Each structure stands twice: as structure tokens, then as C-alpha cells.
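Reproduced below: final.tsv, with TSV, N, CA and C atoms.
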chain	number	residue	atom	x	y	z
A	1	MET	N	-43.38	36.64	-5.72
A	1	MET	CA	-42.12	35.95	-5.82
A	1	MET	C	-41.21	36.74	-6.75
A	2	SER	N	-39.95	36.90	-6.38
A	2	SER	CA	-39.04	37.68	-7.19
A	2	SER	C	-38.30	36.80	-8.17
A	3	ASP	N	-37.81	37.41	-9.22
A	3	ASP	CA	-37.04	36.69	-10.23
A	3	ASP	C	-35.56	36.87	-9.95
A	4	LEU	N	-34.79	35.82	-10.15
A	4	LEU	CA	-33.35	35.88	-10.01
A	4	LEU	C	-32.78	36.09	-11.39
A	5	LYS	N	-32.11	37.21	-11.59
A	5	LYS	CA	-31.53	37.53	-12.88
A	5	LYS	C	-30.03	37.31	-12.80
A	6	VAL	N	-29.52	36.53	-13.72
A	6	VAL	CA	-28.10	36.20	-13.73
A	6	VAL	C	-27.45	36.91	-14.91
A	7	TYR	N	-26.38	37.62	-14.63
A	7	TYR	CA	-25.61	38.26	-15.69
A	7	TYR	C	-24.17	38.37	-15.24
A	8	TRP	N	-23.29	38.62	-16.20
A	8	TRP	CA	-21.87	38.75	-15.93
A	8	TRP	C	-21.50	40.22	-16.13
A	9	PRO	N	-21.18	40.92	-15.07
A	9	PRO	CA	-20.82	42.34	-15.24
A	9	PRO	C	-19.47	42.46	-15.96
A	10	ASP	N	-19.37	43.49	-16.81
A	10	ASP	CA	-18.13	43.69	-17.56
A	10	ASP	C	-16.99	44.15	-16.66
A	11	ALA	N	-17.30	44.98	-15.70
A	11	ALA	CA	-16.26	45.49	-14.82
A	11	ALA	C	-16.83	45.70	-13.43
A	12	GLU	N	-15.99	45.60	-12.43
A	12	GLU	CA	-16.40	45.86	-11.05
A	12	GLU	C	-16.57	47.37	-10.88
A	13	PRO	N	-17.57	47.81	-10.13
A	13	PRO	CA	-17.70	49.24	-9.87
A	13	PRO	C	-16.60	49.71	-8.92
A	14	ALA	N	-16.18	50.93	-9.11
A	14	ALA	CA	-15.13	51.50	-8.26
A	14	ALA	C	-15.68	51.73	-6.86
A	15	ILE	N	-14.86	51.48	-5.86
A	15	ILE	CA	-15.26	51.66	-4.47
A	15	ILE	C	-14.72	53.00	-3.99
A	16	SER	N	-15.62	53.85	-3.54
A	16	SER	CA	-15.18	55.12	-3.00
A	16	SER	C	-15.09	55.03	-1.49
A	17	GLU	N	-14.45	56.03	-0.88
A	17	GLU	CA	-14.28	56.01	0.57
A	17	GLU	C	-15.58	56.31	1.30
A	18	ALA	N	-16.57	56.84	0.62
A	18	ALA	CA	-17.85	57.17	1.26
A	18	ALA	C	-18.77	55.96	1.39
A	19	THR	N	-18.42	54.86	0.73
A	19	THR	CA	-19.28	53.69	0.80
A	19	THR	C	-19.09	52.97	2.12
A	20	PRO	N	-20.11	52.26	2.61
A	20	PRO	CA	-19.99	51.51	3.86
A	20	PRO	C	-18.95	50.40	3.72
A	21	THR	N	-18.36	50.01	4.84
A	21	THR	CA	-17.28	49.04	4.80
A	21	THR	C	-17.77	47.60	4.71
A	22	SER	N	-18.87	47.26	5.34
A	22	SER	CA	-19.33	45.87	5.29
A	22	SER	C	-20.38	45.70	4.19
A	23	PRO	N	-20.46	44.50	3.60
A	23	PRO	CA	-21.47	44.25	2.56
A	23	PRO	C	-22.90	44.38	3.07
A	24	ALA	N	-23.13	44.04	4.36
A	24	ALA	CA	-24.48	44.15	4.91
A	24	ALA	C	-24.91	45.62	4.98
A	25	GLU	N	-23.98	46.50	5.36
A	25	GLU	CA	-24.30	47.93	5.39
A	25	GLU	C	-24.56	48.46	3.98
A	26	ALA	N	-23.81	47.98	3.01
A	26	ALA	CA	-23.99	48.44	1.64
A	26	ALA	C	-25.36	48.02	1.10
A	27	ARG	N	-25.79	46.79	1.40
A	27	ARG	CA	-27.10	46.33	0.93
A	27	ARG	C	-28.24	47.06	1.63
A	28	ALA	N	-28.06	47.34	2.92
A	28	ALA	CA	-29.12	48.01	3.68
A	28	ALA	C	-29.33	49.44	3.20
A	29	GLY	N	-28.27	50.11	2.79
A	29	GLY	CA	-28.36	51.51	2.40
A	29	GLY	C	-28.75	51.74	0.96
A	30	SER	N	-28.82	50.72	0.14
A	30	SER	CA	-29.13	50.93	-1.27
A	30	SER	C	-30.30	50.05	-1.68
A	31	ASN	N	-30.93	50.43	-2.77
A	31	ASN	CA	-32.02	49.64	-3.32
A	31	ASN	C	-31.57	48.84	-4.53
A	32	GLU	N	-30.26	48.76	-4.74
A	32	GLU	CA	-29.73	48.03	-5.87
A	32	GLU	C	-29.80	46.53	-5.61
A	33	PRO	N	-29.91	45.75	-6.67
A	33	PRO	CA	-29.95	44.29	-6.48
A	33	PRO	C	-28.62	43.76	-5.97
A	34	GLU	N	-28.69	42.66	-5.24
A	34	GLU	CA	-27.48	42.04	-4.71
A	34	GLU	C	-26.90	41.10	-5.77
A	35	ILE	N	-25.61	41.18	-5.99
A	35	ILE	CA	-24.95	40.35	-6.99
A	35	ILE	C	-24.18	39.25	-6.27
A	36	TYR	N	-24.50	38.01	-6.60
A	36	TYR	CA	-23.83	36.87	-6.00
A	36	TYR	C	-22.66	36.46	-6.89
A	37	SER	N	-21.57	36.07	-6.26
A	37	SER	CA	-20.38	35.66	-6.99
A	37	SER	C	-20.32	34.14	-7.08
A	38	PHE	N	-20.27	33.62	-8.30
A	38	PHE	CA	-20.16	32.18	-8.48
A	38	PHE	C	-18.79	31.69	-8.02
A	39	ALA	N	-17.76	32.50	-8.20
A	39	ALA	CA	-16.41	32.10	-7.79
A	39	ALA	C	-16.33	31.87	-6.29
A	40	GLU	N	-17.01	32.71	-5.49
A	40	GLU	CA	-17.02	32.52	-4.04
A	40	GLU	C	-17.69	31.20	-3.66
A	41	TRP	N	-18.79	30.86	-4.32
A	41	TRP	CA	-19.49	29.62	-4.01
A	41	TRP	C	-18.66	28.41	-4.42
A	42	VAL	N	-17.98	28.48	-5.55
A	42	VAL	CA	-17.13	27.37	-5.99
A	42	VAL	C	-15.99	27.17	-5.00
A	43	ASP	N	-15.37	28.26	-4.55
A	43	ASP	CA	-14.30	28.15	-3.55
A	43	ASP	C	-14.83	27.56	-2.25
A	44	LYS	N	-16.02	27.96	-1.84
A	44	LYS	CA	-16.61	27.46	-0.60
A	44	LYS	C	-16.92	25.97	-0.70
A	45	LEU	N	-17.41	25.52	-1.85
A	45	LEU	CA	-17.74	24.11	-2.04
A	45	LEU	C	-16.50	23.23	-2.17
A	46	ASN	N	-15.41	23.78	-2.68
A	46	ASN	CA	-14.20	23.00	-2.89
A	46	ASN	C	-13.32	22.90	-1.66
A	47	ARG	N	-13.61	23.68	-0.61
A	47	ARG	CA	-12.80	23.60	0.61
A	47	ARG	C	-13.06	22.27	1.31
A	48	PRO	N	-12.00	21.61	1.78
A	48	PRO	CA	-12.21	20.35	2.48
A	48	PRO	C	-12.92	20.56	3.81
A	49	GLY	N	-13.83	19.67	4.14
A	49	GLY	CA	-14.54	19.73	5.41
A	49	GLY	C	-15.78	20.60	5.41
A	50	THR	N	-16.11	21.23	4.28
A	50	THR	CA	-17.30	22.08	4.26
A	50	THR	C	-18.54	21.35	3.75
A	51	ASN	N	-18.36	20.17	3.18
A	51	ASN	CA	-19.51	19.41	2.71
A	51	ASN	C	-20.13	18.68	3.89
A	52	SER	N	-21.12	19.29	4.49
A	52	SER	CA	-21.68	18.75	5.73
A	52	SER	C	-22.39	17.41	5.52
A	53	ALA	N	-22.96	17.18	4.34
A	53	ALA	CA	-23.63	15.90	4.09
A	53	ALA	C	-22.62	14.76	4.07
A	54	ALA	N	-21.48	14.96	3.44
A	54	ALA	CA	-20.44	13.93	3.39
A	54	ALA	C	-19.84	13.71	4.78
A	55	LEU	N	-19.61	14.80	5.51
A	55	LEU	CA	-19.05	14.68	6.85
A	55	LEU	C	-20.02	13.96	7.78
A	56	ARG	N	-21.30	14.26	7.66
A	56	ARG	CA	-22.32	13.58	8.47
A	56	ARG	C	-22.36	12.08	8.15
A	57	ALA	N	-22.30	11.73	6.87
A	57	ALA	CA	-22.31	10.33	6.47
A	57	ALA	C	-21.08	9.59	6.98
A	58	GLN	N	-19.93	10.25	6.97
A	58	GLN	CA	-18.71	9.64	7.49
A	58	GLN	C	-18.83	9.38	8.99
A	59	ARG	N	-19.39	10.33	9.72
A	59	ARG	CA	-19.57	10.15	11.17
A	59	ARG	C	-20.56	9.04	11.48
A	60	LEU	N	-21.65	8.97	10.73
A	60	LEU	CA	-22.63	7.90	10.94
A	60	LEU	C	-22.02	6.54	10.63
A	61	ASN	N	-21.22	6.47	9.58
A	61	ASN	CA	-20.59	5.21	9.21
A	61	ASN	C	-19.54	4.77	10.23
A	62	ALA	N	-18.78	5.72	10.76
A	62	ALA	CA	-17.72	5.39	11.71
A	62	ALA	C	-18.27	4.98	13.07
A	63	ASN	N	-19.50	5.33	13.39
A	63	ASN	CA	-20.09	5.04	14.69
A	63	ASN	C	-21.28	4.09	14.59
A	64	GLN	N	-21.12	3.00	13.85
A	64	GLN	CA	-22.20	2.03	13.68
A	64	GLN	C	-22.27	1.03	14.82
A	65	THR	N	-21.18	0.86	15.55
A	65	THR	CA	-21.17	-0.08	16.67
A	65	THR	C	-20.80	0.65	17.95
A	66	CYS	N	-21.30	0.16	19.05
A	66	CYS	CA	-21.05	0.75	20.36
A	66	CYS	C	-19.60	0.47	20.79
A	67	PRO	N	-18.85	1.49	21.23
A	67	PRO	CA	-17.48	1.24	21.68
A	67	PRO	C	-17.43	0.51	23.03
A	68	ASP	N	-18.53	0.49	23.76
A	68	ASP	CA	-18.56	-0.16	25.08
A	68	ASP	C	-18.89	-1.65	24.98
A	69	CYS	N	-19.97	-1.98	24.25
A	69	CYS	CA	-20.40	-3.39	24.19
A	69	CYS	C	-20.25	-4.01	22.80
A	70	SER	N	-19.82	-3.25	21.82
A	70	SER	CA	-19.58	-3.72	20.43
A	70	SER	C	-20.84	-4.22	19.73
A	71	ARG	N	-22.00	-3.76	20.14
A	71	ARG	CA	-23.24	-4.13	19.46
A	71	ARG	C	-23.58	-3.07	18.41
A	72	ALA	N	-24.45	-3.45	17.48
A	72	ALA	CA	-24.76	-2.57	16.35
A	72	ALA	C	-26.00	-1.72	16.55
A	73	GLY	N	-26.67	-1.80	17.67
A	73	GLY	CA	-27.88	-1.01	17.89
A	73	GLY	C	-27.57	0.40	18.36
A	74	VAL	N	-27.13	1.25	17.44
A	74	VAL	CA	-26.71	2.60	17.78
A	74	VAL	C	-27.66	3.61	17.17
A	75	LEU	N	-28.09	4.58	17.97
A	75	LEU	CA	-28.95	5.66	17.49
A	75	LEU	C	-28.17	6.97	17.50
A	76	PRO	N	-28.29	7.78	16.45
A	76	PRO	CA	-27.65	9.09	16.48
A	76	PRO	C	-28.44	10.05	17.36
A	77	LEU	N	-27.74	10.90	18.11
A	77	LEU	CA	-28.38	11.92	18.94
A	77	LEU	C	-28.27	13.25	18.22
A	78	MET	N	-29.41	13.92	18.03
A	78	MET	CA	-29.44	15.17	17.29
A	78	MET	C	-30.13	16.26	18.09
A	79	LEU	N	-29.73	17.50	17.84
A	79	LEU	CA	-30.40	18.65	18.44
A	79	LEU	C	-31.73	18.87	17.73
A	80	ASN	N	-32.59	19.64	18.34
A	80	ASN	CA	-33.89	19.95	17.75
A	80	ASN	C	-33.80	21.26	16.96
A	81	ASP	N	-32.83	21.34	16.05
A	81	ASP	CA	-32.64	22.58	15.28
A	81	ASP	C	-32.72	22.34	13.78
A	82	GLY	N	-33.36	21.26	13.37
A	82	GLY	CA	-33.45	20.94	11.95
A	82	GLY	C	-34.43	21.83	11.22
A	83	ARG	N	-34.33	21.83	9.91
A	83	ARG	CA	-35.25	22.61	9.07
A	83	ARG	C	-36.57	21.88	8.91
A	84	MET	N	-37.63	22.63	8.74
A	84	MET	CA	-38.96	22.08	8.53
A	84	MET	C	-39.35	22.24	7.07
A	85	ASP	N	-40.05	21.24	6.53
A	85	ASP	CA	-40.53	21.36	5.16
A	85	ASP	C	-41.86	22.11	5.14
A	86	GLY	N	-42.47	22.16	3.99
A	86	GLY	CA	-43.71	22.92	3.84
A	86	GLY	C	-44.86	22.40	4.67
A	87	SER	N	-44.86	21.11	5.00
A	87	SER	CA	-45.94	20.55	5.80
A	87	SER	C	-45.63	20.52	7.29
A	88	GLY	N	-44.50	21.10	7.70
A	88	GLY	CA	-44.15	21.19	9.11
A	88	GLY	C	-43.40	20.00	9.66
A	89	ARG	N	-42.95	19.11	8.78
A	89	ARG	CA	-42.18	17.95	9.23
A	89	ARG	C	-40.69	18.24	9.12
A	90	LEU	N	-39.90	17.58	9.95
A	90	LEU	CA	-38.46	17.76	9.97
A	90	LEU	C	-37.83	17.16	8.70
A	91	VAL	N	-36.94	17.92	8.08
A	91	VAL	CA	-36.21	17.43	6.90
A	91	VAL	C	-35.13	16.47	7.38
A	92	PRO	N	-35.10	15.23	6.90
A	92	PRO	CA	-34.09	14.27	7.37
A	92	PRO	C	-32.68	14.75	7.07
A	93	GLY	N	-31.81	14.61	8.06
A	93	GLY	CA	-30.41	15.00	7.89
A	93	GLY	C	-30.13	16.47	8.09
A	94	SER	N	-31.12	17.27	8.49
A	94	SER	CA	-30.89	18.70	8.64
A	94	SER	C	-30.59	19.10	10.08
A	95	ALA	N	-30.83	18.24	11.04
A	95	ALA	CA	-30.55	18.55	12.45
A	95	ALA	C	-29.07	18.34	12.75
A	96	THR	N	-28.57	19.02	13.77
A	96	THR	CA	-27.17	18.93	14.16
A	96	THR	C	-26.91	17.63	14.90
A	97	LEU	N	-25.93	16.88	14.41
A	97	LEU	CA	-25.54	15.61	15.03
A	97	LEU	C	-24.58	15.90	16.18
A	98	VAL	N	-24.91	15.43	17.39
A	98	VAL	CA	-24.07	15.72	18.56
A	98	VAL	C	-23.44	14.48	19.18
A	99	GLY	N	-23.94	13.30	18.88
A	99	GLY	CA	-23.36	12.10	19.47
A	99	GLY	C	-24.17	10.87	19.11
A	100	PHE	N	-23.90	9.78	19.85
A	100	PHE	CA	-24.56	8.51	19.59
A	100	PHE	C	-24.93	7.85	20.91
A	101	ARG	N	-25.93	6.95	20.85
A	101	ARG	CA	-26.39	6.24	22.03
A	101	ARG	C	-26.66	4.79	21.66
A	102	CYS	N	-26.14	3.87	22.47
A	102	CYS	CA	-26.35	2.44	22.26
A	102	CYS	C	-27.72	2.05	22.81
A	103	GLN	N	-28.50	1.32	22.02
A	103	GLN	CA	-29.82	0.88	22.47
A	103	GLN	C	-29.73	-0.27	23.47
A	104	THR	N	-28.64	-1.01	23.44
A	104	THR	CA	-28.51	-2.17	24.32
A	104	THR	C	-28.02	-1.77	25.71
A	105	CYS	N	-26.88	-1.07	25.78
A	105	CYS	CA	-26.28	-0.76	27.09
A	105	CYS	C	-26.47	0.68	27.53
A	106	SER	N	-27.13	1.51	26.72
A	106	SER	CA	-27.41	2.93	26.99
A	106	SER	C	-26.16	3.79	27.12
A	107	TYR	N	-25.04	3.33	26.57
A	107	TYR	CA	-23.80	4.10	26.58
A	107	TYR	C	-23.92	5.23	25.56
A	108	GLU	N	-23.52	6.45	25.93
A	108	GLU	CA	-23.56	7.60	25.03
A	108	GLU	C	-22.16	8.13	24.83
A	109	TRP	N	-21.85	8.56	23.61
A	109	TRP	CA	-20.54	9.13	23.31
A	109	TRP	C	-20.68	10.21	22.24
A	110	PRO	N	-19.78	11.19	22.29
A	110	PRO	CA	-19.79	12.22	21.23
A	110	PRO	C	-19.13	11.65	19.99
A	111	PHE	N	-19.40	12.29	18.87
A	111	PHE	CA	-18.80	11.78	17.63
A	111	PHE	C	-17.37	12.12	17.55
Output the file's structure in the form of C-alpha cells.
Amino acid sequence: MSDLKVYWPDAEPAISEATPTSPAEARAGSNEPEIYSFAEWVDKLNRPGTNSAALRAQRLNANQTCPDCSRAGVLPLMLNDGRMDGSGRLVPGSATLVGFRCQTCSYEWPF
């Protein structure tokens, strides 16, 4: 297992024209450690609509009743692409939500 070392560099290294253009090419060609930017992660987290857990909860809350028969027996429909935990079980909330299905009238609708 590798250790994650966190430090704040004093200055950015100069970029020469001989360096690869994409970050993936730069990492593949060198044995230097990859430096993660906290500012990029903060910007990514603060963008509206990127918090998938909150968006998923909003969609589940908005679709609690069937639009066809107005009953509350609604099941979420998910793809089989969720993450697995260490024991091989599906992590709850990790699969892609694609729609809903009423248990009473079998009506299906996208979110």
C-alpha cells in the first residue's frame, strides 16, 4: 500500500515546449509523483448539480407517488453498474438511477 504525501509546493514548475500536452501523457512518461490540486476539488464540489447524492435524493423524493394512479408504491429502476464492497455486495445508492415503476399499476416513467 502506498502512502499519500501532502505538501504545498512553493512554486509551479515551468512548462517547456518539449513536455506532453495532456496530463495523462505527462504522468505516463515520468516516474514523478502525481500532485493533486485541492483548489480543483473545491471548485468541482461547489459547482451546482455535481453533488450526485443530493440530486439522487431530490429525484427519489419528487417521485414518491405514481403519476398515473397516484399511489405511493413506487420502486426506483437502476442500472446494474453500481460499485461493489469488499464482500461483493452492491453499495446502496451507487447504481445509476434511470426511472421509476409503480408496484400497483406497473406504470414506468423516467425521472
Q | Within 7 Å of Arg101 in chain A using all atoms listed in the file, minus same-chain residues under 5 positions, as a PyMOL selection string | A | chain A and resi 73-77+106-109
Q: Write down as a list of chain:residue names the residues of range 56-95 of chain A whose backbone DSSP state falls under alpha helix (DSSP H).
A: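 Filtering range 56-95 of chain A down to alpha helix (DSSP H) leaves A:Arg56, A:Ala57, A:Gln58, A:Arg59, A:Leu60, A:Asn61, A:Ala62.
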Take the point (-23.1, -2.3, 24.6) in the file's coordinates, draw a sphere of radius 8 Å around it, and report as a compact mmCIF listing (two decimals) with N, CA and C atoms, in the frame of the given file every protein, DNA or RNA residue with an atom inside or on it, counting only N, CA and C atoms.
# COMPACT_ATOMS: atom_id res chain seq x y z
N THR A 65 -21.18 0.86 15.55
CA THR A 65 -21.17 -0.08 16.67
C THR A 65 -20.80 0.65 17.95
N CYS A 66 -21.30 0.16 19.05
CA CYS A 66 -21.05 0.75 20.36
C CYS A 66 -19.60 0.47 20.79
N PRO A 67 -18.85 1.49 21.23
CA PRO A 67 -17.48 1.24 21.68
C PRO A 67 -17.43 0.51 23.03
N ASP A 68 -18.53 0.49 23.76
CA ASP A 68 -18.56 -0.16 25.08
C ASP A 68 -18.89 -1.65 24.98
N CYS A 69 -19.97 -1.98 24.25
CA CYS A 69 -20.40 -3.39 24.19
C CYS A 69 -20.25 -4.01 22.80
N SER A 70 -19.82 -3.25 21.82
CA SER A 70 -19.58 -3.72 20.43
C SER A 70 -20.84 -4.22 19.73
N ARG A 71 -22.00 -3.76 20.14
CA ARG A 71 -23.24 -4.13 19.46
C ARG A 71 -23.58 -3.07 18.41
N ALA A 72 -24.45 -3.45 17.48
CA ALA A 72 -24.76 -2.57 16.35
C ALA A 72 -26.00 -1.72 16.55
N GLY A 73 -26.67 -1.80 17.67
CA GLY A 73 -27.88 -1.01 17.89
C GLY A 73 -27.57 0.40 18.36
N CYS A 102 -26.14 3.87 22.47
CA CYS A 102 -26.35 2.44 22.26
C CYS A 102 -27.72 2.05 22.81
N GLN A 103 -28.50 1.32 22.02
CA GLN A 103 -29.82 0.88 22.47
C GLN A 103 -29.73 -0.27 23.47
N THR A 104 -28.64 -1.01 23.44
CA THR A 104 -28.51 -2.17 24.32
C THR A 104 -28.02 -1.77 25.71
N CYS A 105 -26.88 -1.07 25.78
CA CYS A 105 -26.28 -0.76 27.09
C CYS A 105 -26.47 0.68 27.53
N SER A 106 -27.13 1.51 26.72
CA SER A 106 -27.41 2.93 26.99
C SER A 106 -26.16 3.79 27.12
N TYR A 107 -25.04 3.33 26.57
CA TYR A 107 -23.80 4.10 26.58
C TYR A 107 -23.92 5.23 25.56
Q) atom N of Gly99 in chain A and atom N of Asp85 in chain A are how many Å apart? A)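 Rounded to one decimal, the two atoms are 21.8 Å apart.
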Q. Do you have the atom C of Trp41 in chain A-atom N of Ala53 in chain A distance handy?
A.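 About the pair atom C of Trp41 in chain A and atom N of Ala53 in chain A: they are 14.9 Å apart.
One distance worth recording is that between CA of Arg83 in chain A and atom C of Ser52 in chain A, which is 14.3 Å.
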Please return, as an mmCIF file with N, CA and C atoms, in the coordinates of the input, all polymer residues that have at least one atom within 8 Å of the point (-24.6, 15.2, 9.7); use all atoms listed in the file and the file's own coordinate frame.
data_model
loop_
_atom_site.group_PDB
_atom_site.id
_atom_site.type_symbol
_atom_site.label_atom_id
_atom_site.label_comp_id
_atom_site.auth_asym_id
_atom_site.auth_seq_id
_atom_site.Cartn_x
_atom_site.Cartn_y
_atom_site.Cartn_z
ATOM 1 N N SER A 52 -21.120 19.290 4.490
ATOM 2 C CA SER A 52 -21.680 18.750 5.730
ATOM 3 C C SER A 52 -22.390 17.410 5.520
ATOM 4 N N ALA A 53 -22.960 17.180 4.340
ATOM 5 C CA ALA A 53 -23.630 15.900 4.090
ATOM 6 C C ALA A 53 -22.620 14.760 4.070
ATOM 7 N N ALA A 54 -21.480 14.960 3.440
ATOM 8 C CA ALA A 54 -20.440 13.930 3.390
ATOM 9 C C ALA A 54 -19.840 13.710 4.780
ATOM 10 N N LEU A 55 -19.610 14.800 5.510
ATOM 11 C CA LEU A 55 -19.050 14.680 6.850
ATOM 12 C C LEU A 55 -20.020 13.960 7.780
ATOM 13 N N ARG A 56 -21.300 14.260 7.660
ATOM 14 C CA ARG A 56 -22.320 13.580 8.470
ATOM 15 C C ARG A 56 -22.360 12.080 8.150
ATOM 16 N N ALA A 57 -22.300 11.730 6.870
ATOM 17 C CA ALA A 57 -22.310 10.330 6.470
ATOM 18 C C ALA A 57 -21.080 9.590 6.980
ATOM 19 N N GLN A 58 -19.930 10.250 6.970
ATOM 20 C CA GLN A 58 -18.710 9.640 7.490
ATOM 21 C C GLN A 58 -18.830 9.380 8.990
ATOM 22 N N ARG A 59 -19.390 10.330 9.720
ATOM 23 C CA ARG A 59 -19.570 10.150 11.170
ATOM 24 C C ARG A 59 -20.560 9.040 11.480
ATOM 25 N N LEU A 60 -21.650 8.970 10.730
ATOM 26 C CA LEU A 60 -22.630 7.900 10.940
ATOM 27 C C LEU A 60 -22.020 6.540 10.630
ATOM 28 N N GLY A 93 -31.810 14.610 8.060
ATOM 29 C CA GLY A 93 -30.410 15.000 7.890
ATOM 30 C C GLY A 93 -30.130 16.470 8.090
ATOM 31 N N SER A 94 -31.120 17.270 8.490
ATOM 32 C CA SER A 94 -30.890 18.700 8.640
ATOM 33 C C SER A 94 -30.590 19.100 10.080
ATOM 34 N N ALA A 95 -30.830 18.240 11.040
ATOM 35 C CA ALA A 95 -30.550 18.550 12.450
ATOM 36 C C ALA A 95 -29.070 18.340 12.750
ATOM 37 N N THR A 96 -28.570 19.020 13.770
ATOM 38 C CA THR A 96 -27.170 18.930 14.160
ATOM 39 C C THR A 96 -26.910 17.630 14.900
ATOM 40 N N LEU A 97 -25.930 16.880 14.410
ATOM 41 C CA LEU A 97 -25.540 15.610 15.030
ATOM 42 C C LEU A 97 -24.580 15.900 16.180
ATOM 43 N N VAL A 98 -24.910 15.430 17.390
ATOM 44 C CA VAL A 98 -24.070 15.720 18.560
ATOM 45 C C VAL A 98 -23.440 14.480 19.180
#
